[in-house]
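A.B. asks: Contents of run33.cif (mmCIF, C-alpha atoms):
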data_my_file
loop_
_atom_site.group_PDB
_atom_site.id
_atom_site.type_symbol
_atom_site.label_atom_id
_atom_site.label_comp_id
_atom_site.auth_asym_id
_atom_site.auth_seq_id
_atom_site.Cartn_x
_atom_site.Cartn_y
_atom_site.Cartn_z
ATOM 1 C CA MET A 1450 30.120 -9.626 14.130
ATOM 2 C CA LEU A 1451 26.789 -8.633 15.635
ATOM 3 C CA GLU A 1452 26.452 -6.834 18.942
ATOM 4 C CA GLY A 1453 23.838 -5.096 21.051
ATOM 5 C CA VAL A 1454 20.091 -5.682 20.960
ATOM 6 C CA LEU A 1455 18.842 -7.610 17.933
ATOM 7 C CA PHE A 1456 15.597 -6.295 16.415
ATOM 8 C CA PHE A 1457 13.042 -8.830 15.122
ATOM 9 C CA PRO A 1458 10.317 -6.760 13.434
ATOM 10 C CA VAL A 1459 6.792 -7.897 12.724
ATOM 11 C CA THR A 1460 5.356 -8.071 9.216
ATOM 12 C CA PRO A 1461 2.384 -5.655 9.206
ATOM 13 C CA PHE A 1462 -0.760 -6.732 7.363
ATOM 14 C CA THR A 1463 -3.669 -4.640 6.177
ATOM 15 C CA ALA A 1464 -7.240 -5.333 7.276
ATOM 16 C CA THR A 1465 -7.673 -7.364 4.084
ATOM 17 C CA GLY A 1466 -4.628 -9.489 4.891
ATOM 18 C CA ASP A 1467 -2.085 -8.064 2.442
ATOM 19 C CA VAL A 1468 1.463 -7.162 3.468
ATOM 20 C CA ASP A 1469 1.583 -3.463 4.369
ATOM 21 C CA LEU A 1470 4.972 -2.403 3.004
ATOM 22 C CA ASP A 1471 4.531 1.252 3.982
ATOM 23 C CA ALA A 1472 3.920 0.287 7.608
ATOM 24 C CA LEU A 1473 6.858 -2.120 7.465
ATOM 25 C CA ARG A 1474 9.149 0.607 6.139
ATOM 26 C CA ARG A 1475 8.217 2.911 9.014
ATOM 27 C CA HIS A 1476 8.517 0.054 11.545
ATOM 28 C CA ILE A 1477 12.040 -0.800 10.370
ATOM 29 C CA ALA A 1478 13.198 2.820 10.094
ATOM 30 C CA ASP A 1479 11.897 3.715 13.565
ATOM 31 C CA GLY A 1480 13.429 0.554 15.009
ATOM 32 C CA VAL A 1481 16.839 1.224 13.492
ATOM 33 C CA ASP A 1482 16.680 4.806 14.796
ATOM 34 C CA ALA A 1483 16.315 3.323 18.300
ATOM 35 C CA GLY A 1484 19.744 1.694 18.036
ATOM 36 C CA PRO A 1485 19.696 -2.095 17.573
ATOM 37 C CA GLY A 1486 22.737 -4.074 16.499
ATOM 38 C CA GLY A 1487 20.921 -5.752 13.619
ATOM 39 C CA VAL A 1488 17.553 -6.378 11.984
ATOM 40 C CA PHE A 1489 16.176 -9.903 11.468
ATOM 41 C CA VAL A 1490 13.271 -9.554 9.051
ATOM 42 C CA ALA A 1491 10.748 -12.199 7.966
ATOM 43 C CA CYS A 1492 11.836 -14.552 10.724
ATOM 44 C CA GLY A 1493 9.667 -16.041 13.482
ATOM 45 C CA THR A 1494 8.262 -12.758 14.767
ATOM 46 C CA GLY A 1495 7.894 -11.616 11.163
ATOM 47 C CA GLU A 1496 5.660 -14.626 10.368
ATOM 48 C CA PHE A 1497 8.050 -16.245 7.890
ATOM 49 C CA HIS A 1498 5.800 -19.306 7.938
ATOM 50 C CA ALA A 1499 2.907 -17.259 6.521
ATOM 51 C CA LEU A 1500 4.681 -15.437 3.653
ATOM 52 C CA ASP A 1501 4.820 -16.592 0.065
ATOM 53 C CA LEU A 1502 7.999 -16.058 -1.948
ATOM 54 C CA GLU A 1503 6.812 -12.852 -3.619
ATOM 55 C CA GLU A 1504 5.763 -11.325 -0.301
ATOM 56 C CA PHE A 1505 8.981 -12.439 1.352
ATOM 57 C CA THR A 1506 11.083 -10.802 -1.354
ATOM 58 C CA ALA A 1507 9.191 -7.525 -1.034
ATOM 59 C CA VAL A 1508 9.511 -7.602 2.760
ATOM 60 C CA VAL A 1509 13.278 -8.162 2.652
ATOM 61 C CA ARG A 1510 13.791 -5.511 -0.026
ATOM 62 C CA THR A 1511 11.759 -3.003 1.989
ATOM 63 C CA ALA A 1512 13.711 -3.770 5.175
ATOM 64 C CA VAL A 1513 17.060 -3.361 3.423
ATOM 65 C CA ASP A 1514 15.927 -0.040 1.974
ATOM 66 C CA ALA A 1515 14.570 1.223 5.317
ATOM 67 C CA ALA A 1516 17.695 0.195 7.230
ATOM 68 C CA GLY A 1517 19.797 2.123 4.727
ATOM 69 C CA GLY A 1518 23.005 0.288 5.534
ATOM 70 C CA ARG A 1519 23.038 1.501 9.131
ATOM 71 C CA VAL A 1520 22.895 -2.032 10.563
ATOM 72 C CA PRO A 1521 23.047 -5.539 9.028
ATOM 73 C CA VAL A 1522 19.764 -7.006 7.788
ATOM 74 C CA TYR A 1523 19.295 -10.772 8.128
ATOM 75 C CA ALA A 1524 16.350 -12.602 6.580
ATOM 76 C CA GLY A 1525 14.686 -15.902 7.397
ATOM 77 C CA ALA A 1526 14.948 -18.941 5.127
ATOM 78 C CA GLY A 1527 13.706 -22.448 5.725
ATOM 79 C CA GLY A 1528 10.935 -24.959 5.264
ATOM 80 C CA ALA A 1529 11.071 -27.625 2.567
ATOM 81 C CA LEU A 1530 14.580 -27.847 1.114
ATOM 82 C CA GLY A 1531 13.685 -26.610 -2.361
ATOM 83 C CA LEU A 1532 11.784 -23.655 -0.939
ATOM 84 C CA ALA A 1533 14.546 -22.911 1.562
ATOM 85 C CA ARG A 1534 16.995 -22.595 -1.319
ATOM 86 C CA ARG A 1535 14.636 -20.244 -3.149
ATOM 87 C CA PHE A 1536 14.104 -18.087 -0.064
ATOM 88 C CA ALA A 1537 17.879 -17.903 0.444
ATOM 89 C CA ARG A 1538 18.443 -16.783 -3.155
ATOM 90 C CA ALA A 1539 15.596 -14.278 -2.948
ATOM 91 C CA ALA A 1540 17.041 -12.788 0.254
ATOM 92 C CA ALA A 1541 20.452 -12.396 -1.376
ATOM 93 C CA GLU A 1542 18.953 -10.777 -4.471
ATOM 94 C CA ALA A 1543 16.923 -8.398 -2.287
ATOM 95 C CA GLY A 1544 20.112 -7.189 -0.599
ATOM 96 C CA ALA A 1545 20.085 -9.040 2.731
ATOM 97 C CA ASP A 1546 23.376 -9.214 4.616
ATOM 98 C CA GLY A 1547 22.761 -12.691 6.047
ATOM 99 C CA LEU A 1548 20.309 -15.522 6.689
ATOM 100 C CA LEU A 1549 18.675 -17.109 9.714
ATOM 101 C CA LEU A 1550 17.967 -20.735 8.823
ATOM 102 C CA MET A 1551 14.562 -21.765 10.142
ATOM 103 C CA PRO A 1552 13.654 -25.429 10.772
ATOM 104 C CA PRO A 1553 12.753 -27.700 7.846
ATOM 105 C CA TYR A 1554 9.074 -28.281 7.259
ATOM 106 C CA LEU A 1555 7.294 -30.691 9.623
ATOM 107 C CA VAL A 1556 9.673 -33.655 9.552
ATOM 108 C CA GLU A 1557 11.597 -34.978 12.521
ATOM 109 C CA ALA A 1558 15.166 -35.625 11.400
ATOM 110 C CA PRO A 1559 18.446 -36.807 12.895
ATOM 111 C CA ALA A 1560 21.004 -34.125 13.633
ATOM 112 C CA THR A 1561 23.260 -35.461 10.861
ATOM 113 C CA GLY A 1562 20.439 -34.764 8.406
ATOM 114 C CA LEU A 1563 20.230 -31.195 9.690
ATOM 115 C CA VAL A 1564 23.889 -30.716 8.853
ATOM 116 C CA ALA A 1565 23.165 -31.828 5.279
ATOM 117 C CA TYR A 1566 20.117 -29.540 5.130
ATOM 118 C CA THR A 1567 22.208 -26.599 6.323
ATOM 119 C CA ARG A 1568 24.951 -27.379 3.817
ATOM 120 C CA GLU A 1569 22.450 -27.420 0.951
ATOM 121 C CA VAL A 1570 20.885 -24.051 1.853
ATOM 122 C CA ALA A 1571 24.199 -22.408 2.702
ATOM 123 C CA GLY A 1572 25.512 -23.424 -0.699
ATOM 124 C CA GLU A 1573 22.899 -21.322 -2.490
ATOM 125 C CA THR A 1574 24.500 -17.987 -1.572
ATOM 126 C CA GLY A 1575 27.668 -16.619 -0.072
ATOM 127 C CA LEU A 1576 25.706 -14.929 2.701
ATOM 128 C CA PRO A 1577 26.603 -15.493 6.363
ATOM 129 C CA LEU A 1578 24.144 -17.973 7.840
ATOM 130 C CA ILE A 1579 22.975 -18.518 11.421
ATOM 131 C CA VAL A 1580 21.418 -21.895 12.221
ATOM 132 C CA TYR A 1581 18.387 -21.985 14.494
ATOM 133 C CA ASN A 1582 18.496 -24.806 17.036
ATOM 134 C CA ARG A 1583 14.830 -25.330 17.957
ATOM 135 C CA ALA A 1584 11.628 -27.346 17.483
ATOM 136 C CA ASN A 1585 12.315 -30.137 14.971
ATOM 137 C CA ALA A 1586 15.809 -28.823 14.140
ATOM 138 C CA ARG A 1587 17.871 -29.860 17.157
ATOM 139 C CA PHE A 1588 21.617 -30.289 16.940
ATOM 140 C CA ASP A 1589 23.754 -32.127 19.477
ATOM 141 C CA GLU A 1590 27.225 -30.916 20.392
ATOM 142 C CA HIS A 1591 28.917 -33.033 17.714
ATOM 143 C CA THR A 1592 26.731 -31.901 14.811
ATOM 144 C CA ALA A 1593 26.728 -28.298 16.079
ATOM 145 C CA ALA A 1594 30.514 -28.399 15.874
ATOM 146 C CA GLU A 1595 30.300 -29.935 12.405
ATOM 147 C CA VAL A 1596 27.867 -27.368 11.039
ATOM 148 C CA ALA A 1597 29.905 -24.523 12.576
ATOM 149 C CA GLN A 1598 32.789 -25.531 10.335
ATOM 150 C CA LEU A 1599 30.787 -24.928 7.137
ATOM 151 C CA PRO A 1600 32.371 -21.871 5.484
ATOM 152 C CA THR A 1601 29.415 -19.483 5.649
ATOM 153 C CA VAL A 1602 27.883 -20.601 8.951
ATOM 154 C CA VAL A 1603 28.688 -17.847 11.460
ATOM 155 C CA GLY A 1604 26.347 -18.485 14.371
ATOM 156 C CA LEU A 1605 23.936 -20.708 16.251
ATOM 157 C CA LYS A 1606 20.735 -19.433 17.797
ATOM 158 C CA ASP A 1607 19.232 -21.608 20.501
ATOM 159 C CA GLY A 1608 15.486 -21.747 21.009
ATOM 160 C CA THR A 1609 15.344 -25.076 22.839
ATOM 161 C CA GLY A 1610 15.913 -23.733 26.352
ATOM 162 C CA ASP A 1611 17.961 -26.880 27.035
ATOM 163 C CA LEU A 1612 20.753 -25.253 29.031
ATOM 164 C CA ASP A 1613 22.477 -28.571 29.655
ATOM 165 C CA LEU A 1614 22.805 -29.060 25.889
ATOM 166 C CA VAL A 1615 23.866 -25.459 25.295
ATOM 167 C CA ALA A 1616 26.542 -25.860 27.965
ATOM 168 C CA ARG A 1617 27.989 -28.689 25.859
ATOM 169 C CA ILE A 1618 27.494 -27.108 22.438
ATOM 170 C CA VAL A 1619 29.356 -23.878 23.197
ATOM 171 C CA PRO A 1620 32.712 -25.459 24.154
ATOM 172 C CA ALA A 1621 32.372 -28.135 21.451
ATOM 173 C CA VAL A 1622 32.028 -25.469 18.751
ATOM 174 C CA ARG A 1623 34.844 -23.390 20.206
ATOM 175 C CA ASP A 1624 37.138 -26.415 20.292
ATOM 176 C CA ALA A 1625 36.274 -27.300 16.693
ATOM 177 C CA LEU A 1626 37.079 -23.776 15.496
ATOM 178 C CA ASP A 1627 40.165 -23.294 17.669
ATOM 179 C CA GLY A 1628 43.094 -22.238 15.548
ATOM 180 C CA THR A 1629 41.011 -21.582 12.419
ATOM 181 C CA GLY A 1630 40.581 -17.867 13.029
ATOM 182 C CA LYS A 1631 36.879 -18.133 12.256
ATOM 183 C CA GLN A 1632 34.560 -15.875 14.227
ATOM 184 C CA PHE A 1633 31.382 -17.532 15.480
ATOM 185 C CA GLN A 1634 28.569 -16.225 17.681
ATOM 186 C CA PHE A 1635 25.911 -17.818 19.885
ATOM 187 C CA PHE A 1636 22.427 -16.392 20.389
ATOM 188 C CA ASN A 1637 19.665 -16.887 22.924
ATOM 189 C CA GLY A 1638 16.592 -17.306 20.752
ATOM 190 C CA MET A 1639 13.999 -18.119 23.383
ATOM 191 C CA PRO A 1640 10.705 -16.218 23.209
ATOM 192 C CA THR A 1641 11.069 -13.207 25.507
ATOM 193 C CA ALA A 1642 14.776 -14.013 25.669
ATOM 194 C CA GLU A 1643 15.406 -11.417 28.367
ATOM 195 C CA ALA A 1644 13.712 -13.726 30.889
ATOM 196 C CA SER A 1645 16.447 -16.346 30.453
ATOM 197 C CA GLN A 1646 19.403 -14.234 29.333
ATOM 198 C CA LEU A 1647 21.317 -14.268 32.613
ATOM 199 C CA ALA A 1648 21.383 -18.080 32.497
ATOM 200 C CA TYR A 1649 22.479 -18.098 28.846
ATOM 201 C CA ARG A 1650 25.106 -15.442 29.477
ATOM 202 C CA ALA A 1651 26.656 -17.604 32.183
ATOM 203 C CA LEU A 1652 27.233 -20.245 29.479
ATOM 204 C CA GLY A 1653 28.972 -17.804 27.138
ATOM 205 C CA VAL A 1654 25.901 -16.816 25.084
ATOM 206 C CA GLU A 1655 25.909 -13.016 25.099
ATOM 207 C CA LEU A 1656 23.643 -12.181 22.142
ATOM 208 C CA TYR A 1657 19.873 -12.551 22.201
ATOM 209 C CA SER A 1658 16.862 -11.723 20.086
ATOM 210 C CA SER A 1659 14.558 -9.145 21.630
ATOM 211 C CA ALA A 1660 10.905 -9.399 20.628
ATOM 212 C CA ALA A 1661 10.190 -6.580 23.071
ATOM 213 C CA PHE A 1662 12.397 -4.211 21.068
ATOM 214 C CA ALA A 1663 9.754 -4.177 18.307
ATOM 215 C CA PHE A 1664 7.256 -2.338 20.521
ATOM 216 C CA ALA A 1665 9.196 -1.115 23.583
ATOM 217 C CA PRO A 1666 12.740 -0.398 22.413
ATOM 218 C CA ASP A 1667 13.427 1.865 25.377
ATOM 219 C CA VAL A 1668 12.671 -0.951 27.833
ATOM 220 C CA SER A 1669 14.620 -3.462 25.748
ATOM 221 C CA ILE A 1670 17.715 -1.286 25.514
ATOM 222 C CA ALA A 1671 17.560 -0.385 29.212
ATOM 223 C CA PHE A 1672 17.528 -4.070 30.113
ATOM 224 C CA HIS A 1673 20.441 -4.808 27.790
ATOM 225 C CA ARG A 1674 22.423 -1.955 29.323
ATOM 226 C CA ALA A 1675 21.665 -3.252 32.827
ATOM 227 C CA VAL A 1676 22.922 -6.713 31.862
ATOM 228 C CA GLU A 1677 26.104 -5.305 30.321
ATOM 229 C CA GLU A 1678 26.754 -3.149 33.387
ATOM 230 C CA GLY A 1679 25.840 -5.823 35.922
ATOM 231 C CA ASP A 1680 23.066 -3.660 37.392
ATOM 232 C CA GLN A 1681 21.190 -6.443 39.175
ATOM 233 C CA LYS A 1682 18.741 -4.069 40.848
ATOM 234 C CA ARG A 1683 17.573 -2.706 37.492
ATOM 235 C CA ILE A 1684 17.510 -6.206 35.977
ATOM 236 C CA ASP A 1685 15.310 -7.519 38.779
ATOM 237 C CA ALA A 1686 12.952 -4.544 38.581
ATOM 238 C CA LEU A 1687 12.453 -4.898 34.827
ATOM 239 C CA GLN A 1688 11.999 -8.643 35.121
ATOM 240 C CA ARG A 1689 9.294 -8.298 37.770
ATOM 241 C CA ALA A 1690 7.433 -5.393 36.171
ATOM 242 C CA PHE A 1691 7.752 -6.153 32.474
ATOM 243 C CA PHE A 1692 9.400 -9.344 31.241
ATOM 244 C CA HIS A 1693 7.887 -11.893 33.619
ATOM 245 C CA PRO A 1694 4.318 -10.565 33.113
ATOM 246 C CA LEU A 1695 5.016 -10.589 29.369
ATOM 247 C CA VAL A 1696 6.029 -14.253 29.573
ATOM 248 C CA ARG A 1697 2.876 -15.130 31.509
ATOM 249 C CA LEU A 1698 0.730 -13.452 28.857
ATOM 250 C CA ARG A 1699 2.714 -15.028 26.023
ATOM 251 C CA GLN A 1700 2.267 -18.526 27.423
ATOM 252 C CA ARG A 1701 -1.499 -18.219 27.652
ATOM 253 C CA VAL A 1702 -2.154 -19.235 24.019
ATOM 254 C CA PRO A 1703 0.121 -20.946 21.452
ATOM 255 C CA GLY A 1704 1.334 -18.347 18.966
ATOM 256 C CA TYR A 1705 1.032 -15.400 21.297
ATOM 257 C CA ALA A 1706 4.812 -14.936 21.055
ATOM 258 C CA VAL A 1707 4.026 -13.269 17.716
ATOM 259 C CA ALA A 1708 0.531 -11.948 18.391
ATOM 260 C CA LEU A 1709 1.464 -9.927 21.464
ATOM 261 C CA VAL A 1710 4.348 -8.266 19.604
ATOM 262 C CA LYS A 1711 1.991 -7.205 16.824
ATOM 263 C CA ALA A 1712 -0.465 -5.922 19.408
ATOM 264 C CA GLY A 1713 2.346 -4.011 21.114
ATOM 265 C CA VAL A 1714 3.429 -2.398 17.841
ATOM 266 C CA THR A 1715 -0.160 -1.275 17.244
ATOM 267 C CA LEU A 1716 -0.450 0.074 20.794
ATOM 268 C CA GLU A 1717 2.649 2.160 20.156
ATOM 269 C CA GLY A 1718 1.007 3.910 17.222
ATOM 270 C CA LEU A 1719 1.793 1.847 14.115
ATOM 271 C CA GLU A 1720 -1.073 -0.314 12.854
ATOM 272 C CA ALA A 1721 0.473 -3.769 12.451
ATOM 273 C CA GLY A 1722 -2.745 -5.567 11.624
ATOM 274 C CA PRO A 1723 -3.701 -9.096 12.614
ATOM 275 C CA VAL A 1724 -1.599 -12.227 12.588
ATOM 276 C CA ARG A 1725 -2.303 -14.694 9.789
ATOM 277 C CA PRO A 1726 -3.992 -18.016 10.460
ATOM 278 C CA PRO A 1727 -3.348 -20.427 12.045
ATOM 279 C CA LEU A 1728 -2.160 -17.876 14.640
ATOM 280 C CA THR A 1729 -4.771 -15.846 16.508
ATOM 281 C CA SER A 1730 -4.681 -12.264 17.735
ATOM 282 C CA LEU A 1731 -4.986 -11.162 21.357
ATOM 283 C CA ALA A 1732 -8.436 -10.695 22.842
ATOM 284 C CA PRO A 1733 -9.355 -7.058 23.667
ATOM 285 C CA GLN A 1734 -8.850 -7.554 27.415
ATOM 286 C CA GLU A 1735 -5.423 -9.057 26.736
ATOM 287 C CA VAL A 1736 -4.466 -5.996 24.703
ATOM 288 C CA GLU A 1737 -5.364 -3.962 27.789
ATOM 289 C CA GLU A 1738 -3.162 -6.245 29.893
ATOM 290 C CA LEU A 1739 -0.291 -5.716 27.463
ATOM 291 C CA ALA A 1740 -0.733 -1.944 27.619
ATOM 292 C CA ALA A 1741 -0.513 -2.122 31.416
ATOM 293 C CA ILE A 1742 2.660 -4.244 31.225
ATOM 294 C CA ILE A 1743 4.288 -1.709 28.899
ATOM 295 C CA ALA A 1744 3.328 1.102 31.264
ATOM 296 C CA GLU A 1745 4.812 -0.775 34.226
ATOM 297 C CA GLY A 1746 8.063 -1.319 32.350
ATOM 298 C CA ARG A 1747 8.327 2.377 31.579
ATOM 299 C CA ALA A 1748 7.525 3.236 35.176
ATOM 300 C CA VAL A 1749 10.667 1.317 36.170
ATOM 301 C CA LEU A 1750 12.697 3.364 33.685
ATOM 302 C CA ALA A 1751 11.235 6.569 35.072
ATOM 303 C CA SER A 1752 12.200 5.581 38.605
#
Take the structure in the file and give it back as structure tokens.
C.D. replies:
Amino acid sequence: MLEGVLFFPVTPFTATGDVDLDALRRHIADGVDAGPGGVFVACGTGEFHALDLEEFTAVVRTAVDAAGGRVPVYAGAGGALGLARRFARAAAEAGADGLLLMPPYLVEAPATGLVAYTREVAGETGLPLIVYNRANARFDEHTAAEVAQLPTVVGLKDGTGDLDLVARIVPAVRDALDGTGKQFQFFNGMPTAEASQLAYRALGVELYSSAAFAFAPDVSIAFHRAVEEGDQKRIDALQRAFFHPLVRLRQRVPGYAVALVKAGVTLEGLEAGPVRPPLTSLAPQEVEELAAIIAEGRAVLAS
């Protein structure tokens, strides 16, 4: 079972566009030293969509090596069904502890089809698998309960922001698993999840992915501690100074949910390189804005 802040690292690229495995190794090792509950490599923040199979395998292997068994390492898998199977097998062979199942490529599909898709990918390995409820992969409460009963499916991460649906999915899954003894976890997977975590937590969703941890782990962990301790004053201060401005910057351009994290990692002293097309990097003045947001967040910690 996962707990604490979940670390979603970026995938650093060189100036020529190649994966920078040395930078990735340092990024993962430094992140794990900061104390997350798990590492989710080559997922959304890690530009899974932009990695080929060879790059993906090297990224997962490097992350597993850098984490050194200190925390679980989950890897992304998804896209077209045949490729999703291959990514799942590659992650297992590279030593990953689990999988985060990304949406299938492009197609809109009924929720029953998503159950079949999940079953096919989950059958490739014995790894624990978390389904990602977002974009064109949206479950309803009935199919969420069905997919939760697959043997290796251990969690559901919500990136829809549909709190009405989440409020129905959580009890439906719990009812379906009642008496089975199976442990199952729910995750808030919204971009800048801290901005919505109090609402998710009220629905029984206590875990969340923290993009901010990749470049400001001290701020991320302080917020998590404030939530766990019910320190509303500290929560409000960090929301106003750091997370809400981060959301406003993130929403300015599609894809900035990844680009601003890479920019933040570079600002903190590790060259993460650009994002790959079709994403675009922050403009220079926006990098300055991000630096100011980070400074404001740390000013709250200092106070």
A.B. asks: Would you tabulate, counting only C-alpha atoms, all residues of region 1684-1747 of chain A that have an atom at most 10 Å from an atom of region 1453-1471 of chain A, showing the closest pair of atoms and their distance in Å to one decimal, sorted by chain then ascending number, as a tab-separated table?
C.D. replies:
residue	atom	partner	partner_atom	distance
A:Val1707	CA	A:Val1459	CA	7.8
A:Ala1708	CA	A:Val1459	CA	9.4
A:Val1710	CA	A:Val1459	CA	7.3
A:Lys1711	CA	A:Val1459	CA	6.4
A:Val1714	CA	A:Val1459	CA	8.2
A:Thr1715	CA	A:Pro1461	CA	9.5
A:Leu1719	CA	A:Pro1461	CA	9.0
A:Glu1720	CA	A:Pro1461	CA	7.3
A:Ala1721	CA	A:Pro1461	CA	4.2
A:Gly1722	CA	A:Phe1462	CA	4.8
A:Pro1723	CA	A:Phe1462	CA	6.5
A:Val1724	CA	A:Phe1462	CA	7.6
A:Arg1725	CA	A:Gly1466	CA	7.5
A.B. asks: Mind checking which residues fall within 8 Å of Val1580 (chain A), counting all atoms listed in the file, ignoring those fewer than 4 positions away in the same chain, and posting them as a JSON list (two decimals) with C-alpha atoms, in the frame of the given file?
C.D. replies:
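Output below, filename selection14.json:
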[["chain", "number", "residue", "atom", "x", "y", "z"],
["A", 1549, "LEU", "CA", 18.68, -17.11, 9.71],
["A", 1550, "LEU", "CA", 17.97, -20.74, 8.82],
["A", 1551, "MET", "CA", 14.56, -21.76, 10.14],
["A", 1567, "THR", "CA", 22.21, -26.60, 6.32],
["A", 1602, "VAL", "CA", 27.88, -20.60, 8.95],
["A", 1604, "GLY", "CA", 26.35, -18.48, 14.37],
["A", 1605, "LEU", "CA", 23.94, -20.71, 16.25],
["A", 1606, "LYS", "CA", 20.74, -19.43, 17.80]]
A.B. asks: Which residue is closest to Ser1669 (chain A)? Choose from A:Thr1574, A:Ala1616, A:Leu1750, A:Ala1741 and count only C-alpha atoms.
C.D. replies: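 Using only C-alpha atoms, the shortest distance to Ser1669 (chain A) belongs to A:Leu1750.
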A.B. asks: Taking 5 positions as the minimum chain separation for residues in the same chain, which residues sit within 8 Å of Pro1552 (chain A) when counting all atoms listed in the file? Answer as a ChimeraX atom specification.
C.D. replies: /A:1527-1528,1581-1586
A.B. asks: Please provide the set of residues having any atom within 9 Å of Ala1625 (chain A), restricted to all atoms listed in the file, with same-chain residues fewer than 2 positions apart removed, written as number ranges by chain.
C.D. replies: A: 1594-1595, 1597-1598, 1620-1623, 1627-1629
A.B. asks: Figure out the distance between CA of Gln1681 (chain A) and CA of Leu1656 (chain A), please, to one decimal in Å.
C.D. replies: 18.1 Å
A.B. asks: Considering all atoms listed in the file, return as a PyMOL selection string whatever protein or nucleic-acid residues lie within 8 Å of region 1692-1700 of chain A, sequence-local ones (same chain, fewer than 3 positions apart) excluded.
C.D. replies: chain A and resi 1641+1643-1644+1687-1689+1703-1706+1709+1735+1739+1742
A.B. asks: Given the choices A:Ala1663, A:Val1736, A:Ala1529, A:Leu1500, which gets closest to Val1481 (chain A) if the distance is worked out from all atoms listed in the file?
C.D. replies: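 Smallest separation from Val1481 (chain A) among the options: A:Ala1663.
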A.B. asks: Can you pull out every residue within 10 Å of Ile1743 (chain A), counting only C-alpha atoms, but drop anything in the same chain fewer than 2 positions away, and send it as a short mmCIF file (atom, residue, chain, number, x, y, z; two decimals) with C-alpha atoms, in the coordinates of the input?
C.D. replies:
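Saved as part.cif:
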data_model
loop_
_atom_site.label_atom_id
_atom_site.label_comp_id
_atom_site.auth_asym_id
_atom_site.auth_seq_id
_atom_site.Cartn_x
_atom_site.Cartn_y
_atom_site.Cartn_z
CA ALA A 1661 10.19 -6.58 23.07
CA PHE A 1664 7.26 -2.34 20.52
CA ALA A 1665 9.20 -1.12 23.58
CA VAL A 1668 12.67 -0.95 27.83
CA ALA A 1690 7.43 -5.39 36.17
CA PHE A 1691 7.75 -6.15 32.47
CA PHE A 1692 9.40 -9.34 31.24
CA PRO A 1694 4.32 -10.56 33.11
CA LEU A 1695 5.02 -10.59 29.37
CA GLY A 1713 2.35 -4.01 21.11
CA LEU A 1716 -0.45 0.07 20.79
CA GLU A 1717 2.65 2.16 20.16
CA GLU A 1737 -5.36 -3.96 27.79
CA GLU A 1738 -3.16 -6.24 29.89
CA LEU A 1739 -0.29 -5.72 27.46
CA ALA A 1740 -0.73 -1.94 27.62
CA ALA A 1741 -0.51 -2.12 31.42
CA GLU A 1745 4.81 -0.78 34.23
CA GLY A 1746 8.06 -1.32 32.35
CA ARG A 1747 8.33 2.38 31.58
CA ALA A 1748 7.52 3.24 35.18
#
A.B. asks: Mind pulling up the distance from CA of Phe1662 (chain A) to CA of Arg1538 (chain A)?
C.D. replies: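 Pair CA of Arg1538 (chain A) / CA of Phe1662 (chain A) returns 28.0 Å.
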A.B. asks: For the PyMOL selection byres ((chain A and resi 1568) around 12), applied here, can you spell out every residue it catches as an MDAnalysis selection string?
C.D. replies: chainID A and resid 1530 1533:1534 1550 1561:1567 1569:1575 1578:1580 1595:1602
A.B. asks: Could you check the closest approach to Gly1638 (chain A) for each of A:Phe1489, A:Pro1521, A:Glu1678, A:Ile1477 and tell me which residue wins, using all atoms listed in the file?
C.D. replies: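 Counting all atoms listed in the file, the residue closest to Gly1638 (chain A) is A:Phe1489.
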A.B. asks: My list of candidates is A:Ala1491, A:Ala1499, A:Gly1484, A:Leu1451. Which is closest to Pro1727 (chain A) when distances are computed with all atoms listed in the file?
C.D. replies: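 Nearest to Pro1727 (chain A): A:Ala1499.
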A.B. asks: Smallest atom-to-atom distance to Thr1494 (chain A): which of A:Leu1555, A:Ala1545, A:Leu1728, A:Val1520, using only C-alpha atoms?
C.D. replies: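 Selected residue with least distance to Thr1494 (chain A): A:Leu1728.
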A.B. asks: One decimal, Å: what's the distance from CA of Phe1505 (chain A) over to CA of Ala1558 (chain A), could you say?
C.D. replies: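 Straight-line distance from CA of Phe1505 (chain A) to CA of Ala1558 (chain A) works out to 26.0 Å.
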